[in-house]
Amino acid sequence: MKVSYKWLKQYLDLNMPAKDLAEKIERTAVEVDSVEVAEDGLKKLVVGHILSMTKHPESDHLHVCQVDVGEDEPLQIVCGAPNVDVDQKVIVALPNSRIGGNVKIKRSKMRGIESSGMICALDEIGFSKDVVPKEWADGIYVFDDDVPVGEPIYKYLGMDDPIIDLDVTPNRGDMLSILGTVHDLAAIYDQKPEIKKPVVNEDESLDANQIIQASADDKLAKTYKLRVVEGVKIAPSPSWLQIVLWNAGIRPINNVVDVTNYILLKYGQPLHSFDKDKIDGEITVRMAAKGEKLTTLDEEERELSTDDMVIADKNKPIALAGVMGGFNTQIDDQTTNVVIESAIFDSFKIRKTAQRHNLHSEASQRFERGINPDGVQDAVDEAVSMIKELAGGQIAKGTVTASEYHPELPTIFITAERTNHVLGTSLSTDEIKNIFDRLGFSSETHEDGLNVTIPARRWDIFRDADLYEEVARIYGYDNLPATLPTGRQSIGVLTPTQKLQRASRIALEGLGLTQAISYSLTTPEKAKMFLMQDSFETNLLWPMTQDHSVLRMNMLSGLLDDVAYNHAHKVDDVALYETGRVFYKDSAEQIRPKEVEHIAGVITGNLTDPLWNNHVKPVDFFQLKGIVNQFLINLGVKGDIEYSATDQYPEMHPGRTANISIHGHNVGFLGQIHPRIAKKFKIKETYGFELNMQELIDLPKNDDQYQAISKYPSIKRDISIVVGQDVSNSQILEVMTKRGGAFLKRVRLFDVYQGENVPEGKKSMAYSLTYVDPRETLKDEVVNTAFEKIKKRLTADLNAEIR
Amino acid sequence: MSLRDQLTEIKEKGLADIEQTSDLKTLNDIRVHLLGKKGPITAALRGIKELTPEERPEVGSYANKIRDAITEAVADHREKLENQALNAQLTSEKIDVTMPGKPVTQGQPHVIQQIIDQIVDLFLGMGYEVLSGPEVEEDKYNFEMMNLPKNHPARDMQDTFYISKEILMRTQTSPMQARALEKHDFSKGPLKMISPGIVYRRDTDDPTHSHQFHQVEGLFIDEHVTMADLKGTLITMAQNIFGDKFDIRLRPSYFPFTEPSVEVDVTCFNCMGKGCDVCKHTGWIEVLGAGMVHPNVLDMAGVDSKKYGGFAFGVGPDRFAMLKYGVDDIRDFYLDDVRFLNQFSKRGN
């Protein structure tokens with residue numbers, strides 16, 4: 001709501017700069033979007049009087065004007081506006097002036113004729129085209145005759161008035177009006193503004209109820225009133241009214257429509273004016289019938305839904321109730337008899353209709369937030385009085401009332417003790433009563449507190465908590481003390497799950513992966529990649545884009561998007577992890593998915609920069625496996641971590657992917673992203689893992705326990721064997737650990753070789769075995785026996801050749 | 001020449017030889033030669049028989065002194081030679097210490113995670129517990145129990161991704177208020193919780209909007225918790241995250257689930273309150289919403305609003321990070337450009 005500072009000053013004694021007022025409003029009532037003075041940035045714009053005019057010899061549309069600007073000599077200005085004429089008072093931009101858009105005007109020649117300045121249209125001096133009256137839309141603006149020549153133009157166009165743009169929260173619909181704002185400022189500055197009731201001079205010979213009839217379902221319109229003015233003469237409004245409207249962002253139309261908009265601004269009560277002679281029969285408020293159509297004032301034909309509320313005569317809809325009038329009954333230049341509607345429409349229906357037709361008007365905005373039920377009659381009374389004053393005619397006697405609503409005013413009991421208990425203040429009952437006096441709420445002392453009666457204009461207040469807010473904001477949030485809560489103690493600790501989640505992030509970061517956060521909503525295709533369990537998709541009903549339309553069922557695809565983004569920006573080396581939720585559904589019918597914590601990571605390129613002393617190799621499967629394995633060790637899940645080859649993931653390399661299980665529980669997988677998928681994502685060779693974090697959280701954990709370190713020396717034996725290519729490391733290890741004897745402590749694979757000296761289809765693998773006896777010094781013979789046994793078993797079980 | 005003079009001569013020659021020696025092996029040879037059984041001292045002492053019994057001890061003692069002097073001279077000279085050798089080695093080992101160190105891998109927490117952890121740690125210290133809730137939420141918790149019935153206009157403030165009529169992507173972390181209130185046993189103590197998490201809005205992504213972002217909800221309910229306590233708590237948070245110089249101010253606002261409701265501004269980062277373009281010349285920047293929990297919210301969750309009350313607040317870590325680090329496009333948080341993520345590597349802040 002754009003509020004005119006000058007208008008406020010008609011009611012209140014305000015002397016502070018507009019910026020200070022705005023700051024006060026912001027701290028006490030509602031947010032302020034901006035404070036603007038239209039003349040700021042403009043320079044040397046004065047009222048000029050066109051003394052004479054000749055056609056430009058070299059042009060068929062330019063005129064050469066001699067313009068009196070209050071100086072000794074008139075200025076010669078070339079003007080191309082179609083409506084320029086002798087004897088007009090116009091806006092003159094003098095040489096070296098500044099007009100809208102920060103444009104500087106200089107003396108110049110136009111087709112050979114000197115032009116000392118410019119005669120301006122409104123939009124050239126900064127007016128939005130949306131508010132320029134149609135009359136001046138295609139030409140220069142012409143002042144009323146009484147405007148003095150040579151004076152700066154600003155005050156004659158309302159451009160000197162600071163406009164405070166309020167961003168009104170949904171609960172403060174009362175602030176969408178000048179009077180509502182005045183009431184609030186009166187409380188803030190402790191003033192008592194005088195607000196006069198309108199007086200209507202009715203013509204006793206005309207009876208509104210004879211002229212027009214109306215009916216309304218009070219579920220649709222709690223209040224529905226009409227008044228009639230006959231014999232008006234439609235004309236442009238006087239400039240003061242036009243100024244009020246354009247400063248509020250509303251385009252002046254004519255003296256009837258402008259009055260209804262003026263009343264909307266003043267009271268917050270939307271009015272609508274119909275041309276009475278275009279209405280057939282009784283007016284009703286009803287829901288639109290199926291298939292009905294209405295062309296609204298913006299000349300758009302709209303298909304109505306049965307959820308749209310309309311105003312209709314006996315044949316047709318004549319307005320989209322509370323949102324926009326119908327073109328078929330609009331006020332035009334020939335209109336003589338008008339019907340003015342003042343009503344309260346159901347806010348929910350208005351909101352839905354405004355949304356459905358994407359038609360958010362000044363009127364709908366106010367109906368949505370609520371209307372002061374006590375202002376409906378005043379608003380229409382003042383409107384018809386103003387119309388009579390500005391457009392002539394006679395006001396028909398009486399108001400046609402189809403429905404009417406006057407709520408009982410709520411009385412709320414509050415105590416100082418409770419107020420202070422909530423706010424942390426130490427206000428007395430008198431101090432609180434004084435705040436309500438300032439707000440214009442009547443209050444009476446009752447027992448140890450106050451009975452506060454809320455005026456109808458503050459329909460947002462209906463319980464004690466609402467009143468604490470009123471007290472707090474008028475008392476001032478700045479005056480509120482700042483304390484920390486006292487009272488019962490509590491301890492703040494992370495749960496074991498939260499500790500594990502935090503530890504897992506730190507572990508992966510220590511292993512070189514940086515935390516990523518990608519989008520949970522993705523494409524249908526990506527959502528179902530890397531599926532660790534069967535699951536149905538969870539789709540949004542109305543996604544914004546296909547790119548974010550389905551809930552992810554894996555984390556990896558988001559990380560691959562990240563890799564792709566990095567690659568596209570010439571970053572080849574990426575090492576990321578992400579922890580978050582995936583969303584599984586067991587059946588298509590299931591609506592709400594199960595949310596499961598996952599953790600995933602990707603590496604591609606080099607993990608460290610190649611440097612003079614750092615000869616790096618691009619990452620590979622085993623680099624990632626080292627990271628994942630160390631990570632799993634860090635988590636301390638009880639049981640052995642096992643890796644088994646898998647080709648179950650269509651998005652993973654079938655020969656370079658392993659399932660990971662701990663103590664027999666499958667917890668996830670790692671491997672190379674399938675080259676086909678990598679190509680699709682436009683990424684280079686990339687390795688990734690995904691783990692069910694929830695499973696890792698739930699699995700039992702090792703308790704760290706001290707074991708004495710053996711005082712006795714260990715003995716090492718190396719063994720090199722040649723086995724078939726498809727014999728796996730884990731098979732060899734199994735034999736060694738099973739048959740290695742009681743003292744075999746550790747087995748380390750230190751070399752793998754294929755090529756010269758190793759037969760085709762075979763590979764050479766070298767292991768280092770460490771033996772320790774915790775109780776005594778190991779004897780060579782003991783180790784030799786154990787070592788021989790391993791050799792024998794390897795040969796027998798795996799057909800290994802010992803070298 | 002007397003025996004004593006012979007010995008003196010041996011000593012002087014020996015010391016001179018030692019002094020001239022430039023390598024450890026020769027030095028050792030000299031020591032072995034001079035002090036050994038076949039050495040000149042031993043040889044000279046054979047002549048001791050010729051002396052009178054009175055003279056013998058004096059010469060014997062003199063010979064021992066000479067041995068000691070030679071031993072000491074050898075040791076001194078050895079140390080000298082060893083030092084020379086070490087110094088030569090050190091000189092030859094000199095490196096260019098300005099060359100880069102061998103890289104090790106080290107990942108970073110996401111900048112938003114850092115902000116969340118900061119908030120979490122602060123509130124843990126103040127005795128709050130940390131709760132997390134579902135991202136796919138029921139309309140009931142996300143809206144209705146937050147005092148936003150079906151037709152409430154404030155629902156329009158939060159465009160929502162629906163999955164069905166009743167199931168949606170949570171638009172705020174506030175449903176955790178209702179969930180926590182429903183579960184909490186007030187006989188065991190106050191309800192003090194924070195709940196960080198991802199929320200979703202049906203927005204078009206642009207520099208200031210993201211369909212996915214983060215919130216941290218805070219809630220403190222007990223028998224006597226005041227708005228002044230809210231103000232104190234928020235000042236503590238602002239100063240903890242942004243720095244001691246920061247102040248806050250409260251402005252009236254509207255949230256259906258709090259009454260009174262406030263927007264909270266913090267001292268402008270850019271101008272520290274002087275007024276600049278960033279803060280539209282107000283000196284303040286809006287950072288979060290808060291208020292005293294609406295009695296309806298308590299009652300709907302089965303908590304007696306006459307007995308219990310308190311405050312709630314909702315913080316946007318994305319917005320905090322944007323302000324704190326001057327990030328001007330929220331989408332940067334979700335693109336995971338490594339060059340972006342690695343800028344926030346300061347630990348312990």
# chains A, B, ... in the order shown; residues from 1 in each chain; ligands from 1
>>> closest_atom_pairs(of="chain A", to="chain B", cutoff="7 Å", atoms="only C-alpha atoms", output="JSON lines")
{"residue": "A:Glu26", "atom": "CA", "partner": "B:Arg251", "partner_atom": "CA", "distance": 6.6}
{"residue": "A:Arg27", "atom": "CA", "partner": "B:Arg251", "partner_atom": "CA", "distance": 4.8}
{"residue": "A:Thr28", "atom": "CA", "partner": "B:Pro252", "partner_atom": "CA", "distance": 6.1}
{"residue": "A:Ala29", "atom": "CA", "partner": "B:Pro252", "partner_atom": "CA", "distance": 5.9}
{"residue": "A:Val30", "atom": "CA", "partner": "B:Pro252", "partner_atom": "CA", "distance": 6.4}
{"residue": "A:Thr169", "atom": "CA", "partner": "B:Tyr254", "partner_atom": "CA", "distance": 6.1}
{"residue": "A:Pro170", "atom": "CA", "partner": "B:Ala154", "partner_atom": "CA", "distance": 6.5}
{"residue": "A:Asn171", "atom": "CA", "partner": "B:Tyr254", "partner_atom": "CA", "distance": 6.7}
{"residue": "A:Phe348", "atom": "CA", "partner": "B:Asn151", "partner_atom": "CA", "distance": 6.5}
{"residue": "A:His421", "atom": "CA", "partner": "B:Thr226", "partner_atom": "CA", "distance": 6.3}
{"residue": "A:Val422", "atom": "CA", "partner": "B:Thr226", "partner_atom": "CA", "distance": 4.8}
{"residue": "A:Leu423", "atom": "CA", "partner": "B:Met227", "partner_atom": "CA", "distance": 4.5}
{"residue": "A:Gly424", "atom": "CA", "partner": "B:Thr226", "partner_atom": "CA", "distance": 4.9}
{"residue": "A:Ala465", "atom": "CA", "partner": "B:Glu259", "partner_atom": "CA", "distance": 5.8}
{"residue": "A:Asp466", "atom": "CA", "partner": "B:Glu259", "partner_atom": "CA", "distance": 6.2}
{"residue": "A:Tyr468", "atom": "CA", "partner": "B:Pro260", "partner_atom": "CA", "distance": 6.8}
{"residue": "A:Glu469", "atom": "CA", "partner": "B:Pro260", "partner_atom": "CA", "distance": 4.4}
{"residue": "A:Arg473", "atom": "CA", "partner": "B:Pro252", "partner_atom": "CA", "distance": 6.6}
{"residue": "A:Tyr477", "atom": "CA", "partner": "B:Leu250", "partner_atom": "CA", "distance": 5.9}
{"residue": "A:Asp478", "atom": "CA", "partner": "B:Arg249", "partner_atom": "CA", "distance": 6.8}
{"residue": "A:Leu480", "atom": "CA", "partner": "B:Ala228", "partner_atom": "CA", "distance": 6.0}
{"residue": "A:Pro481", "atom": "CA", "partner": "B:Ala228", "partner_atom": "CA", "distance": 5.3}
{"residue": "A:Ala482", "atom": "CA", "partner": "B:Gly232", "partner_atom": "CA", "distance": 4.1}
{"residue": "A:Thr483", "atom": "CA", "partner": "B:Gly232", "partner_atom": "CA", "distance": 4.5}
{"residue": "A:Leu484", "atom": "CA", "partner": "B:Asp229", "partner_atom": "CA", "distance": 4.8}
{"residue": "A:Pro485", "atom": "CA", "partner": "B:Asp229", "partner_atom": "CA", "distance": 5.2}
{"residue": "A:Arg488", "atom": "CA", "partner": "B:Gly189", "partner_atom": "CA", "distance": 6.4}
{"residue": "A:Ser490", "atom": "CA", "partner": "B:Gly127", "partner_atom": "CA", "distance": 5.2}
{"residue": "A:Ile491", "atom": "CA", "partner": "B:Gly127", "partner_atom": "CA", "distance": 4.4}
{"residue": "A:Gly492", "atom": "CA", "partner": "B:Gly127", "partner_atom": "CA", "distance": 3.9}
{"residue": "A:Val493", "atom": "CA", "partner": "B:Leu124", "partner_atom": "CA", "distance": 6.0}
{"residue": "A:Leu494", "atom": "CA", "partner": "B:Val130", "partner_atom": "CA", "distance": 6.7}
{"residue": "A:Glu509", "atom": "CA", "partner": "B:Gly107", "partner_atom": "CA", "distance": 4.0}
{"residue": "A:Gly510", "atom": "CA", "partner": "B:Gln106", "partner_atom": "CA", "distance": 5.4}
{"residue": "A:Leu511", "atom": "CA", "partner": "B:Gln106", "partner_atom": "CA", "distance": 6.3}
{"residue": "A:Gly512", "atom": "CA", "partner": "B:Gln106", "partner_atom": "CA", "distance": 4.0}
{"residue": "A:Leu513", "atom": "CA", "partner": "B:Gly107", "partner_atom": "CA", "distance": 4.4}
{"residue": "A:Thr514", "atom": "CA", "partner": "B:Gly107", "partner_atom": "CA", "distance": 4.0}
{"residue": "A:Gln515", "atom": "CA", "partner": "B:His110", "partner_atom": "CA", "distance": 5.0}
{"residue": "A:Ala516", "atom": "CA", "partner": "B:Asp336", "partner_atom": "CA", "distance": 5.6}
{"residue": "A:Ile517", "atom": "CA", "partner": "B:Tyr334", "partner_atom": "CA", "distance": 5.6}
{"residue": "A:Ser518", "atom": "CA", "partner": "B:Tyr334", "partner_atom": "CA", "distance": 5.0}
{"residue": "A:Tyr519", "atom": "CA", "partner": "B:Tyr334", "partner_atom": "CA", "distance": 6.7}
{"residue": "A:Asn539", "atom": "CA", "partner": "B:Ile163", "partner_atom": "CA", "distance": 6.4}
{"residue": "A:Leu540", "atom": "CA", "partner": "B:Ile163", "partner_atom": "CA", "distance": 4.8}
{"residue": "A:Leu541", "atom": "CA", "partner": "B:Ile163", "partner_atom": "CA", "distance": 5.3}
{"residue": "A:Trp542", "atom": "CA", "partner": "B:Phe161", "partner_atom": "CA", "distance": 6.7}
{"residue": "A:Pro543", "atom": "CA", "partner": "B:Phe161", "partner_atom": "CA", "distance": 6.9}
{"residue": "A:Met544", "atom": "CA", "partner": "B:Arg202", "partner_atom": "CA", "distance": 6.6}
{"residue": "A:Asp562", "atom": "CA", "partner": "B:Asp336", "partner_atom": "CA", "distance": 5.7}
{"residue": "A:Tyr565", "atom": "CA", "partner": "B:Asp337", "partner_atom": "CA", "distance": 6.9}
{"residue": "A:Asn566", "atom": "CA", "partner": "B:Asp337", "partner_atom": "CA", "distance": 5.6}
{"residue": "A:Val574", "atom": "CA", "partner": "B:Val338", "partner_atom": "CA", "distance": 6.9}
{"residue": "A:Arg592", "atom": "CA", "partner": "B:Ile167", "partner_atom": "CA", "distance": 6.7}
{"residue": "A:Leu607", "atom": "CA", "partner": "B:Thr105", "partner_atom": "CA", "distance": 6.7}
{"residue": "A:Thr608", "atom": "CA", "partner": "B:Pro103", "partner_atom": "CA", "distance": 6.0}
{"residue": "A:Asp609", "atom": "CA", "partner": "B:Pro103", "partner_atom": "CA", "distance": 6.9}
{"residue": "A:Asn613", "atom": "CA", "partner": "B:Lys102", "partner_atom": "CA", "distance": 6.5}
{"residue": "A:Asn614", "atom": "CA", "partner": "B:Lys102", "partner_atom": "CA", "distance": 6.2}
>>> residues_around(residues="Cys79 of chain A", least_positions_apart="4", cutoff="8 Å", atoms="only C-alpha atoms", output="PyMOL selection string")
chain A and resi 62-65+84+118-119
>>> write_last_selection(atoms="N, CA and C atoms", output="tab-separated table (two decimals), in the first residue's frame")
chain	number	residue	atom	x	y	z
A	62	LEU	N	6.08	18.14	-36.31
A	62	LEU	CA	6.70	18.98	-35.29
A	62	LEU	C	6.12	20.38	-35.32
A	63	HIS	N	6.05	20.98	-34.11
A	63	HIS	CA	5.63	22.37	-33.99
A	63	HIS	C	6.71	23.17	-33.30
A	64	VAL	N	6.78	24.45	-33.69
A	64	VAL	CA	7.74	25.34	-33.04
A	64	VAL	C	6.94	26.26	-32.13
A	65	CYS	N	7.20	26.15	-30.82
A	65	CYS	CA	6.39	26.88	-29.85
A	65	CYS	C	7.21	27.98	-29.20
A	84	VAL	N	-0.27	19.17	-28.61
A	84	VAL	CA	0.25	20.49	-28.22
A	84	VAL	C	-0.59	21.59	-28.89
A	118	MET	N	12.41	21.29	-23.60
A	118	MET	CA	11.50	20.24	-24.04
A	118	MET	C	10.17	20.36	-23.29
A	119	ILE	N	9.08	20.14	-24.04
A	119	ILE	CA	7.77	20.08	-23.41
A	119	ILE	C	7.49	18.60	-23.14
>>> residues_around(residues="Thr657 of chain A", least_positions_apart="2", cutoff="9 Å", atoms="only C-alpha atoms", output="list in words")
Phe621, Ser644, Ala645, Thr646, Asp647, Gln648, Tyr649, Met652, His653, Pro654, Gly655, Asn659, Phe669, Leu670, Gly671, Gln672 and Ile673 of chain A
>>> atom_distance(atom1="atom CA of Thr770 of chain A", atom2="atom CA of Asp726 of chain A")
25.9 Å
>>> select_by_dssp(residues="segment 198-349 of chain B", states="strand (DSSP E)", output="JSON, numbers by chain")
{"B": [198, 199, 200, 212, 213, 214, 215, 216, 217, 218, 219, 220, 221, 222, 248, 249, 250, 251, 252, 253, 254, 255, 258, 259, 260, 261, 262, 263, 264, 265, 266, 267, 284, 285, 286, 287, 288, 289, 290, 291, 292, 293, 309, 310, 311, 312, 313, 314, 315]}
>>> select_by_dssp(residues="segment 118-293 of chain B", states="helix (DSSP H, G or I)", output="number ranges by chain")
B: 118-125, 139-142, 144-146, 153-157, 175-183, 186-188, 227-242
>>> atom_distance(atom1="atom CA of Thr401 of chain A", atom2="atom CA of Ile212 of chain A")
10.6 Å
>>> residues_around(residues="segment 122-133 of chain A", least_positions_apart="5", cutoff="10 Å", atoms="only C-alpha atoms", output="number ranges by chain")
A: 38-39, 41-42, 45, 91, 93, 98-103, 138-142, 157, 159, 236, 242-243, 245-254
>>> write_last_selection(atoms="C-alpha atoms", output="mmCIF file, in the first residue's frame")
data_model
loop_
_atom_site.group_PDB
_atom_site.id
_atom_site.type_symbol
_atom_site.label_atom_id
_atom_site.label_comp_id
_atom_site.auth_asym_id
_atom_site.auth_seq_id
_atom_site.Cartn_x
_atom_site.Cartn_y
_atom_site.Cartn_z
ATOM 1 C CA ALA A 38 8.886 11.527 -7.163
ATOM 2 C CA GLU A 39 10.733 14.825 -7.664
ATOM 3 C CA GLY A 41 16.551 13.395 -9.173
ATOM 4 C CA LEU A 42 14.599 15.865 -11.337
ATOM 5 C CA LEU A 45 11.182 21.512 -14.611
ATOM 6 C CA ILE A 91 5.612 20.910 -18.288
ATOM 7 C CA ALA A 93 12.205 20.986 -19.110
ATOM 8 C CA ARG A 98 17.137 16.624 -15.711
ATOM 9 C CA ILE A 99 14.023 14.582 -16.532
ATOM 10 C CA GLY A 100 13.020 10.986 -15.813
ATOM 11 C CA GLY A 101 15.530 8.194 -16.239
ATOM 12 C CA ASN A 102 18.323 10.623 -15.311
ATOM 13 C CA VAL A 103 18.237 12.160 -18.805
ATOM 14 C CA ASP A 138 -0.222 9.796 -25.988
ATOM 15 C CA GLY A 139 0.839 13.374 -25.546
ATOM 16 C CA ILE A 140 2.054 16.108 -23.281
ATOM 17 C CA TYR A 141 0.366 16.868 -19.973
ATOM 18 C CA VAL A 142 -1.685 20.067 -19.774
ATOM 19 C CA LEU A 157 1.630 17.064 -9.808
ATOM 20 C CA MET A 159 5.595 14.918 -6.912
ATOM 21 C CA PRO A 236 -12.049 13.621 -15.851
ATOM 22 C CA GLN A 242 -5.928 12.411 -9.938
ATOM 23 C CA ILE A 243 -2.787 13.161 -7.941
ATOM 24 C CA LEU A 245 -4.682 8.181 -7.205
ATOM 25 C CA TRP A 246 -1.536 8.188 -9.279
ATOM 26 C CA ASN A 247 0.583 8.622 -6.163
ATOM 27 C CA ALA A 248 -1.062 5.458 -4.857
ATOM 28 C CA GLY A 249 -0.298 3.659 -8.126
ATOM 29 C CA ILE A 250 -3.846 3.797 -9.502
ATOM 30 C CA ARG A 251 -4.662 5.242 -12.931
ATOM 31 C CA PRO A 252 -7.293 8.005 -12.869
ATOM 32 C CA ILE A 253 -10.236 7.096 -15.150
ATOM 33 C CA ASN A 254 -13.182 9.435 -14.606
#
>>> atom_distance(atom1="atom CA of Val727 of chain A", atom2="atom CA of Arg803 of chain A")
16.7 Å
>>> decode(residues="segment 713-724 of chain A", atoms="N, CA and C atoms", output="PDB file, in the first residue's frame")
ATOM      1  N   PRO A 713      59.461 -60.402  19.835  1.00  0.00           N
ATOM      2  CA  PRO A 713      59.628 -59.969  18.442  1.00  0.00           C
ATOM      3  C   PRO A 713      58.757 -60.778  17.472  1.00  0.00           C
ATOM      4  N   SER A 714      58.406 -60.160  16.387  1.00  0.00           N
ATOM      5  CA  SER A 714      57.632 -60.841  15.361  1.00  0.00           C
ATOM      6  C   SER A 714      58.576 -61.406  14.310  1.00  0.00           C
ATOM      7  N   ILE A 715      58.058 -62.334  13.549  1.00  0.00           N
ATOM      8  CA  ILE A 715      58.854 -62.907  12.465  1.00  0.00           C
ATOM      9  C   ILE A 715      58.096 -62.730  11.167  1.00  0.00           C
ATOM     10  N   LYS A 716      58.841 -62.350  10.095  1.00  0.00           N
ATOM     11  CA  LYS A 716      58.200 -62.118   8.799  1.00  0.00           C
ATOM     12  C   LYS A 716      58.624 -63.175   7.813  1.00  0.00           C
ATOM     13  N   ARG A 717      57.663 -63.567   6.976  1.00  0.00           N
ATOM     14  CA  ARG A 717      57.969 -64.468   5.859  1.00  0.00           C
ATOM     15  C   ARG A 717      57.266 -63.921   4.632  1.00  0.00           C
ATOM     16  N   ASP A 718      57.995 -63.880   3.520  1.00  0.00           N
ATOM     17  CA  ASP A 718      57.355 -63.454   2.273  1.00  0.00           C
ATOM     18  C   ASP A 718      57.075 -64.682   1.420  1.00  0.00           C
ATOM     19  N   ILE A 719      55.982 -64.604   0.675  1.00  0.00           N
ATOM     20  CA  ILE A 719      55.656 -65.728  -0.197  1.00  0.00           C
ATOM     21  C   ILE A 719      55.170 -65.160  -1.519  1.00  0.00           C
ATOM     22  N   SER A 720      55.639 -65.781  -2.597  1.00  0.00           N
ATOM     23  CA  SER A 720      55.184 -65.356  -3.914  1.00  0.00           C
ATOM     24  C   SER A 720      54.547 -66.568  -4.574  1.00  0.00           C
ATOM     25  N   ILE A 721      53.339 -66.395  -5.069  1.00  0.00           N
ATOM     26  CA  ILE A 721      52.656 -67.532  -5.677  1.00  0.00           C
ATOM     27  C   ILE A 721      52.132 -67.149  -7.052  1.00  0.00           C
ATOM     28  N   VAL A 722      51.975 -68.145  -7.903  1.00  0.00           N
ATOM     29  CA  VAL A 722      51.359 -67.931  -9.211  1.00  0.00           C
ATOM     30  C   VAL A 722      50.058 -68.707  -9.217  1.00  0.00           C
ATOM     31  N   VAL A 723      48.981 -67.974  -9.479  1.00  0.00           N
ATOM     32  CA  VAL A 723      47.660 -68.625  -9.482  1.00  0.00           C
ATOM     33  C   VAL A 723      46.912 -68.253 -10.748  1.00  0.00           C
ATOM     34  N   GLY A 724      45.811 -68.933 -10.994  1.00  0.00           N
ATOM     35  CA  GLY A 724      44.952 -68.608 -12.135  1.00  0.00           C
ATOM     36  C   GLY A 724      44.388 -67.207 -11.977  1.00  0.00           C
TER      37      GLY A 724
END
